[in-house]
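Chemist: Got protein.cif for you, mmCIF, C-alpha atoms:
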```cif
data_input
#
loop_
_atom_site.label_atom_id
_atom_site.label_comp_id
_atom_site.auth_asym_id
_atom_site.auth_seq_id
_atom_site.Cartn_x
_atom_site.Cartn_y
_atom_site.Cartn_z
CA MET R 1 104.61 75.12 -34.61
CA THR R 2 106.05 78.62 -34.14
CA ASN R 3 108.69 79.86 -31.75
CA HIS R 4 106.71 82.83 -30.41
CA ASN R 5 106.40 81.20 -26.97
CA ASP R 6 109.79 79.49 -27.03
CA THR R 7 111.32 81.39 -24.13
CA TRP R 8 114.45 80.42 -22.22
CA LYS R 9 115.98 81.26 -18.85
CA ILE R 10 119.38 82.18 -17.45
CA ALA R 11 119.52 81.99 -13.65
CA GLY R 12 115.76 82.40 -13.46
CA ARG R 13 115.60 85.37 -15.85
CA GLU R 14 113.34 84.72 -18.83
CA PHE R 15 114.13 85.89 -22.36
CA ARG R 16 112.46 85.60 -25.75
CA SER R 17 115.36 86.41 -28.07
CA ARG R 18 118.17 83.87 -28.23
CA LEU R 19 120.51 86.34 -29.94
CA MET R 20 122.89 88.28 -27.68
CA VAL R 21 124.91 91.12 -29.17
CA GLY R 22 127.94 93.25 -28.38
CA THR R 23 128.46 97.00 -28.61
CA GLY R 24 132.02 97.39 -29.94
CA LYS R 25 133.55 98.34 -33.29
CA TYR R 26 130.61 100.30 -34.71
CA ALA R 27 131.15 103.45 -36.76
CA ASP R 28 129.26 105.44 -34.12
CA PHE R 29 126.80 104.97 -31.29
CA GLY R 30 123.83 105.75 -33.53
CA GLN R 31 124.70 102.88 -35.85
CA MET R 32 125.17 100.62 -32.83
CA ALA R 33 121.71 101.49 -31.52
CA ARG R 34 120.06 100.84 -34.89
CA ALA R 35 121.81 97.48 -35.26
CA ILE R 36 120.81 96.35 -31.77
CA GLU R 37 117.23 97.34 -32.53
CA ALA R 38 117.29 95.32 -35.78
CA SER R 39 118.80 92.30 -34.03
CA GLY R 40 115.84 91.91 -31.70
CA ALA R 41 118.31 91.09 -28.91
CA GLU R 42 117.32 91.52 -25.27
CA ILE R 43 120.79 90.94 -23.79
CA VAL R 44 123.52 93.40 -24.73
CA THR R 45 127.11 92.94 -23.62
CA VAL R 46 129.41 95.85 -22.81
CA ALA R 47 133.18 95.78 -22.24
CA VAL R 48 133.63 97.38 -18.83
CA ARG R 49 137.20 98.49 -19.63
CA ARG R 50 136.13 100.24 -22.82
CA VAL R 51 133.09 102.18 -21.66
CA ASN R 52 132.97 105.39 -19.68
CA ILE R 53 131.22 104.49 -16.43
CA SER R 54 132.97 106.91 -14.09
CA ASP R 55 131.93 110.24 -15.67
CA ARG R 56 128.37 110.07 -16.96
CA SER R 57 128.50 113.76 -17.95
CA LYS R 58 130.45 112.65 -21.04
CA GLU R 59 128.93 110.78 -23.97
CA SER R 60 128.77 107.03 -23.43
CA LEU R 61 127.28 104.11 -25.30
CA LEU R 62 125.07 103.65 -22.24
CA ASP R 63 123.28 106.85 -23.33
CA TYR R 64 122.06 104.95 -26.39
CA LEU R 65 120.70 101.90 -24.56
CA ASP R 66 117.33 101.80 -22.84
CA LEU R 67 118.23 99.83 -19.72
CA LYS R 68 114.54 99.22 -19.04
CA ARG R 69 114.38 97.39 -22.34
CA TYR R 70 117.75 95.64 -22.48
CA THR R 71 119.52 93.43 -19.96
CA LEU R 72 123.06 94.70 -19.67
CA LEU R 73 125.80 92.06 -19.59
CA PRO R 74 129.11 93.66 -18.55
CA ASN R 75 132.10 91.69 -19.82
CA THR R 76 135.74 91.43 -18.86
CA ALA R 77 137.20 91.71 -22.35
CA GLY R 78 140.91 92.50 -22.25
CA CYS R 79 141.57 90.75 -18.94
CA TYR R 80 144.48 88.28 -18.82
CA SER R 81 144.34 87.16 -15.19
CA ALA R 82 141.72 86.03 -12.69
CA ASP R 83 142.54 88.96 -10.41
CA ASP R 84 142.03 91.47 -13.22
CA ALA R 85 138.74 89.89 -14.30
CA VAL R 86 137.37 89.77 -10.76
CA ARG R 87 138.36 93.39 -10.17
CA THR R 88 136.60 94.42 -13.39
CA CYS R 89 133.38 92.65 -12.41
CA ARG R 90 133.42 94.28 -8.99
CA LEU R 91 133.89 97.67 -10.65
CA ALA R 92 130.89 97.04 -12.92
CA ARG R 93 128.69 96.14 -9.96
CA GLU R 94 129.85 99.12 -7.92
CA ALA R 95 129.09 101.41 -10.87
CA GLY R 96 125.53 100.07 -10.92
CA LEU R 97 125.82 98.22 -14.21
CA SER R 98 124.95 94.64 -13.26
CA ASP R 99 126.03 91.55 -11.35
CA PHE R 100 125.05 89.56 -14.46
CA VAL R 101 128.49 89.22 -16.10
CA LYS R 102 130.20 87.67 -19.09
CA LEU R 103 133.53 86.39 -17.79
CA GLU R 104 136.51 86.42 -20.15
CA VAL R 105 140.06 85.61 -19.04
CA LEU R 106 142.29 85.55 -22.09
CA GLY R 107 145.50 83.59 -22.38
CA ASP R 108 146.99 84.78 -25.66
CA GLU R 109 146.89 88.13 -27.46
CA LYS R 110 147.09 86.63 -30.96
CA THR R 111 144.37 83.99 -30.73
CA LEU R 112 142.36 85.44 -27.81
CA PHE R 113 141.81 81.88 -26.61
CA PRO R 114 140.72 81.67 -22.97
CA ASP R 115 143.09 80.84 -20.14
CA ASN R 116 140.97 78.09 -18.62
CA GLU R 117 143.00 77.79 -15.43
CA GLU R 118 142.57 81.49 -14.64
CA LEU R 119 138.95 81.32 -15.82
CA LEU R 120 138.09 78.64 -13.26
CA LYS R 121 139.79 80.64 -10.52
CA ALA R 122 137.87 83.81 -11.39
CA ALA R 123 134.55 82.00 -11.79
CA ALA R 124 134.86 80.40 -8.34
CA ILE R 125 135.43 83.79 -6.69
CA LEU R 126 132.64 85.57 -8.55
CA VAL R 127 130.05 82.87 -7.94
CA LYS R 128 130.82 83.01 -4.20
CA GLU R 129 130.36 86.79 -4.31
CA GLY R 130 126.87 86.42 -5.78
CA PHE R 131 127.55 87.25 -9.42
CA THR R 132 125.61 85.51 -12.16
CA VAL R 133 128.54 84.24 -14.22
CA LEU R 134 128.46 83.44 -17.95
CA PRO R 135 131.98 82.28 -18.85
CA TYR R 136 133.56 82.43 -22.31
CA THR R 137 135.50 79.19 -22.66
CA SER R 138 137.03 76.78 -25.14
CA ASP R 139 134.81 74.19 -26.80
CA ASP R 140 135.90 71.60 -24.22
CA PRO R 141 133.14 69.48 -22.67
CA ILE R 142 135.23 68.78 -19.55
CA MET R 143 135.88 72.48 -18.99
CA CYS R 144 132.22 73.31 -19.46
CA ARG R 145 131.23 70.71 -16.90
CA LYS R 146 133.74 72.12 -14.40
CA LEU R 147 132.31 75.60 -14.88
CA GLU R 148 128.80 74.28 -14.34
CA ASP R 149 129.93 72.49 -11.18
CA LEU R 150 131.33 75.77 -9.85
CA GLY R 151 127.89 77.34 -10.17
CA CYS R 152 128.11 79.24 -13.46
CA ALA R 153 124.67 80.11 -14.83
CA ALA R 154 125.57 79.13 -18.41
CA VAL R 155 128.59 78.13 -20.48
CA MET R 156 129.75 80.00 -23.57
CA PRO R 157 132.03 77.84 -25.72
CA LEU R 158 133.68 79.50 -28.69
CA GLY R 159 132.67 78.54 -32.20
CA ALA R 160 136.02 79.83 -33.52
CA PRO R 161 138.50 82.52 -32.41
CA ILE R 162 137.00 85.90 -31.51
CA GLY R 163 136.38 88.04 -34.58
CA SER R 164 137.59 85.36 -36.99
CA GLY R 165 134.29 84.81 -38.78
CA LEU R 166 135.22 81.16 -39.31
CA GLY R 167 131.89 79.82 -38.06
CA ILE R 168 131.35 76.70 -35.97
CA ARG R 169 134.61 74.83 -36.49
CA ASN R 170 133.88 71.85 -34.24
CA PRO R 171 130.15 71.09 -34.13
CA TYR R 172 130.88 67.68 -32.62
CA ASN R 173 132.37 69.19 -29.48
CA ILE R 174 129.40 71.54 -29.21
CA ARG R 175 127.06 68.55 -29.39
CA ILE R 176 128.99 66.77 -26.62
CA ILE R 177 128.84 69.91 -24.48
CA LEU R 178 125.07 70.01 -24.95
CA GLU R 179 124.90 66.43 -23.67
CA SER R 180 127.31 67.12 -20.79
CA VAL R 181 125.77 70.12 -19.02
CA LYS R 182 122.32 71.16 -17.88
CA VAL R 183 122.87 74.93 -17.90
CA PRO R 184 122.25 76.94 -21.09
CA VAL R 185 124.90 76.60 -23.81
CA ILE R 186 125.59 79.82 -25.73
CA VAL R 187 127.99 79.85 -28.67
CA ASP R 188 130.24 82.86 -28.23
CA ALA R 189 132.75 84.03 -30.85
CA GLY R 190 133.54 83.02 -34.41
CA VAL R 191 130.19 83.58 -36.11
CA GLY R 192 130.66 85.26 -39.48
CA THR R 193 127.30 85.24 -41.21
CA ALA R 194 123.68 84.22 -40.80
CA SER R 195 124.21 80.57 -41.73
CA ASP R 196 126.74 80.20 -38.89
CA ALA R 197 124.17 81.42 -36.39
CA ALA R 198 121.56 79.06 -37.81
CA ILE R 199 123.95 76.11 -37.50
CA ALA R 200 124.57 76.89 -33.83
CA MET R 201 120.86 76.89 -33.16
CA GLU R 202 120.23 73.77 -35.26
CA LEU R 203 122.74 71.94 -33.07
CA GLY R 204 120.48 72.69 -30.11
CA CYS R 205 122.35 75.58 -28.49
CA ASP R 206 120.26 77.83 -26.29
CA GLY R 207 121.68 81.04 -27.70
CA VAL R 208 124.36 82.78 -29.74
CA LEU R 209 126.43 85.82 -28.80
CA MET R 210 128.17 87.91 -31.46
CA ASN R 211 129.68 91.30 -32.06
CA THR R 212 132.11 91.57 -34.99
CA ALA R 213 129.88 89.58 -37.34
CA ILE R 214 127.40 92.45 -37.12
CA SER R 215 129.52 95.53 -36.41
CA GLY R 216 132.13 94.55 -39.00
CA ALA R 217 129.64 93.90 -41.80
CA THR R 218 129.37 96.30 -44.73
CA ASP R 219 125.82 97.07 -43.56
CA PRO R 220 125.67 96.31 -39.83
CA VAL R 221 121.97 97.07 -39.48
CA ALA R 222 121.04 94.72 -42.31
CA MET R 223 123.34 92.01 -40.94
CA ALA R 224 121.76 92.41 -37.50
CA ALA R 225 118.34 91.82 -39.06
CA ALA R 226 119.71 88.77 -40.90
CA MET R 227 121.12 87.34 -37.65
CA ASN R 228 117.77 87.90 -35.97
CA LEU R 229 116.05 85.81 -38.64
CA ALA R 230 118.80 83.17 -38.71
CA VAL R 231 118.69 82.50 -34.98
CA ARG R 232 114.91 82.21 -35.04
CA ALA R 233 114.97 79.95 -38.13
CA GLY R 234 117.71 77.74 -36.71
CA ARG R 235 115.87 77.32 -33.43
CA LEU R 236 112.60 76.50 -35.20
CA ALA R 237 114.37 73.97 -37.43
CA TYR R 238 115.91 72.32 -34.34
CA ARG R 239 112.51 72.03 -32.70
CA ALA R 240 110.92 70.75 -35.92
CA GLY R 241 113.45 67.89 -36.18
CA ARG R 242 115.49 67.46 -39.34
CA ILE R 243 115.35 64.36 -41.53
CA PRO R 244 118.20 61.84 -41.06
CA ARG R 245 121.18 62.00 -43.40
CA LYS R 246 121.29 59.10 -45.87
CA LEU R 247 123.86 57.97 -48.37
CA TYR R 248 121.31 57.17 -51.07
CA ALA R 249 118.24 58.89 -52.43
CA THR R 250 114.73 58.44 -51.07
CA ALA R 251 111.85 59.15 -53.43
CA SER R 252 109.85 62.23 -52.47
CA SER R 253 106.66 60.68 -53.84
CA PRO R 254 105.47 57.20 -52.77
CA LEU R 255 105.89 54.47 -55.39
CA GLU R 256 102.84 52.48 -54.32
CA GLY R 257 100.04 52.67 -56.86
CA VAL R 258 102.23 53.96 -59.66
CA ILE R 259 100.78 53.07 -63.05
CA GLY R 260 103.18 50.80 -64.89
#
```
What is this structure when it is put down as structure tokens?
Modeler:
Amino acid sequence: MTNHNDTWKIAGREFRSRLMVGTGKYADFGQMARAIEASGAEIVTVAVRRVNISDRSKESLLDYLDLKRYTLLPNTAGCYSADDAVRTCRLAREAGLSDFVKLEVLGDEKTLFPDNEELLKAAAILVKEGFTVLPYTSDDPIMCRKLEDLGCAAVMPLGAPIGSGLGIRNPYNIRIILESVKVPVIVDAGVGTASDAAIAMELGCDGVLMNTAISGATDPVAMAAAMNLAVRAGRLAYRAGRIPRKLYATASSPLEGVIG
């Protein structure tokens, strides 16, 4: 079995790649474009507050993205209140970027953990206004269910703090989230290397979103290619079905018919 036809959907939109990537922290836009190409990603997230969308006569990262090829996912990075996040999403839509948004409402500058109370408030407003909302949230099954109930198109629990590279710190919560909601589950934040991405997919997650793990690598383009392979391998392993964990050994070769 291969994963060539293993597509998935977010709010009715079909995608092949389960890797979603960011656009920040690269040495330059050229490096960013090469890394995105190597990642095989189809969904690319852009921080609305950090990109020039008002004066297109000046150089912008949008000049390096083929919007016929990539689905743009504006995000509200840097927002610390529901009002600020909602305003940012409206600005993105008015600028013609997209109504397909990654919603972040942060509660703490040091940890960048989400403010779940403000997140719920913002999500409720944006869903009513017709946005397709993908919220970044804590790895809390109850919170994820509340976001689904509000009408969010997916949930994006963190694997670890943003940019930490710590990997999936609580796989058990991720597994409970997968059992608790019907919308796609996308691990967002904390991935450090290819094995972290593979673990997320082996747990059964629908996708993985990352930025620093690629842009902060010594060779971002090579790391993007590694993440591409890791996500595909992890998904294929999940579909193949791993063997159960056992305390004791099991012989690889059958013992029946062994000559004494």
Chemist: Let me make sure I understand: among R:Val133, R:Cys144, R:Met32, R:Val127, which one has the smallest atom-to-atom distance to Pro74 (chain R) if we use all atoms listed in the file?
Modeler: R:Val133
Chemist: Which residues fall under the PyMOL selection byres ((chain R and resi 19) around 12) in this file, as an MDAnalysis selection string?
Modeler: chainID R and resid 7:8 15:18 20:22 36:45 186:188 191 194 197:198 200:201 205:211 214 224:235
Chemist: At a cut-off of 9 Å, using only C-alpha atoms, what residues contact Leu112 (chain R)? Leave out same-chain residues fewer than 5 positions from it and give the result as a list in words.
Modeler: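 Result of the neighbour search: Leu106, Gly107, Pro161 and Ile162 of chain R.
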Chemist: Expressed in Å to a single decimal, how great is the separation between CA of Ile176 (chain R) and CA of Asp139 (chain R)?
Modeler: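 Interatomic distance, CA of Ile176 (chain R) to CA of Asp139 (chain R): 9.4 Å.
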Chemist: Using CA of Asp219 (chain R) and CA of Ser195 (chain R) as the two end points, give the distance in Å to one decimal.
Modeler: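 Taking CA of Asp219 (chain R) and CA of Ser195 (chain R), their separation equals 16.7 Å.
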Chemist: In Å to one decimal, how far is CA of Asp140 (chain R) from CA of Arg245 (chain R)?
Modeler: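 Interatomic distance here is 26.0 Å.
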Chemist: Smallest atom-to-atom distance to Gly241 (chain R): which of R:Leu203, R:Leu73, R:Ile10, R:Ala123, using all atoms listed in the file?
Modeler: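 The closest residue to Gly241 (chain R) is R:Leu203.
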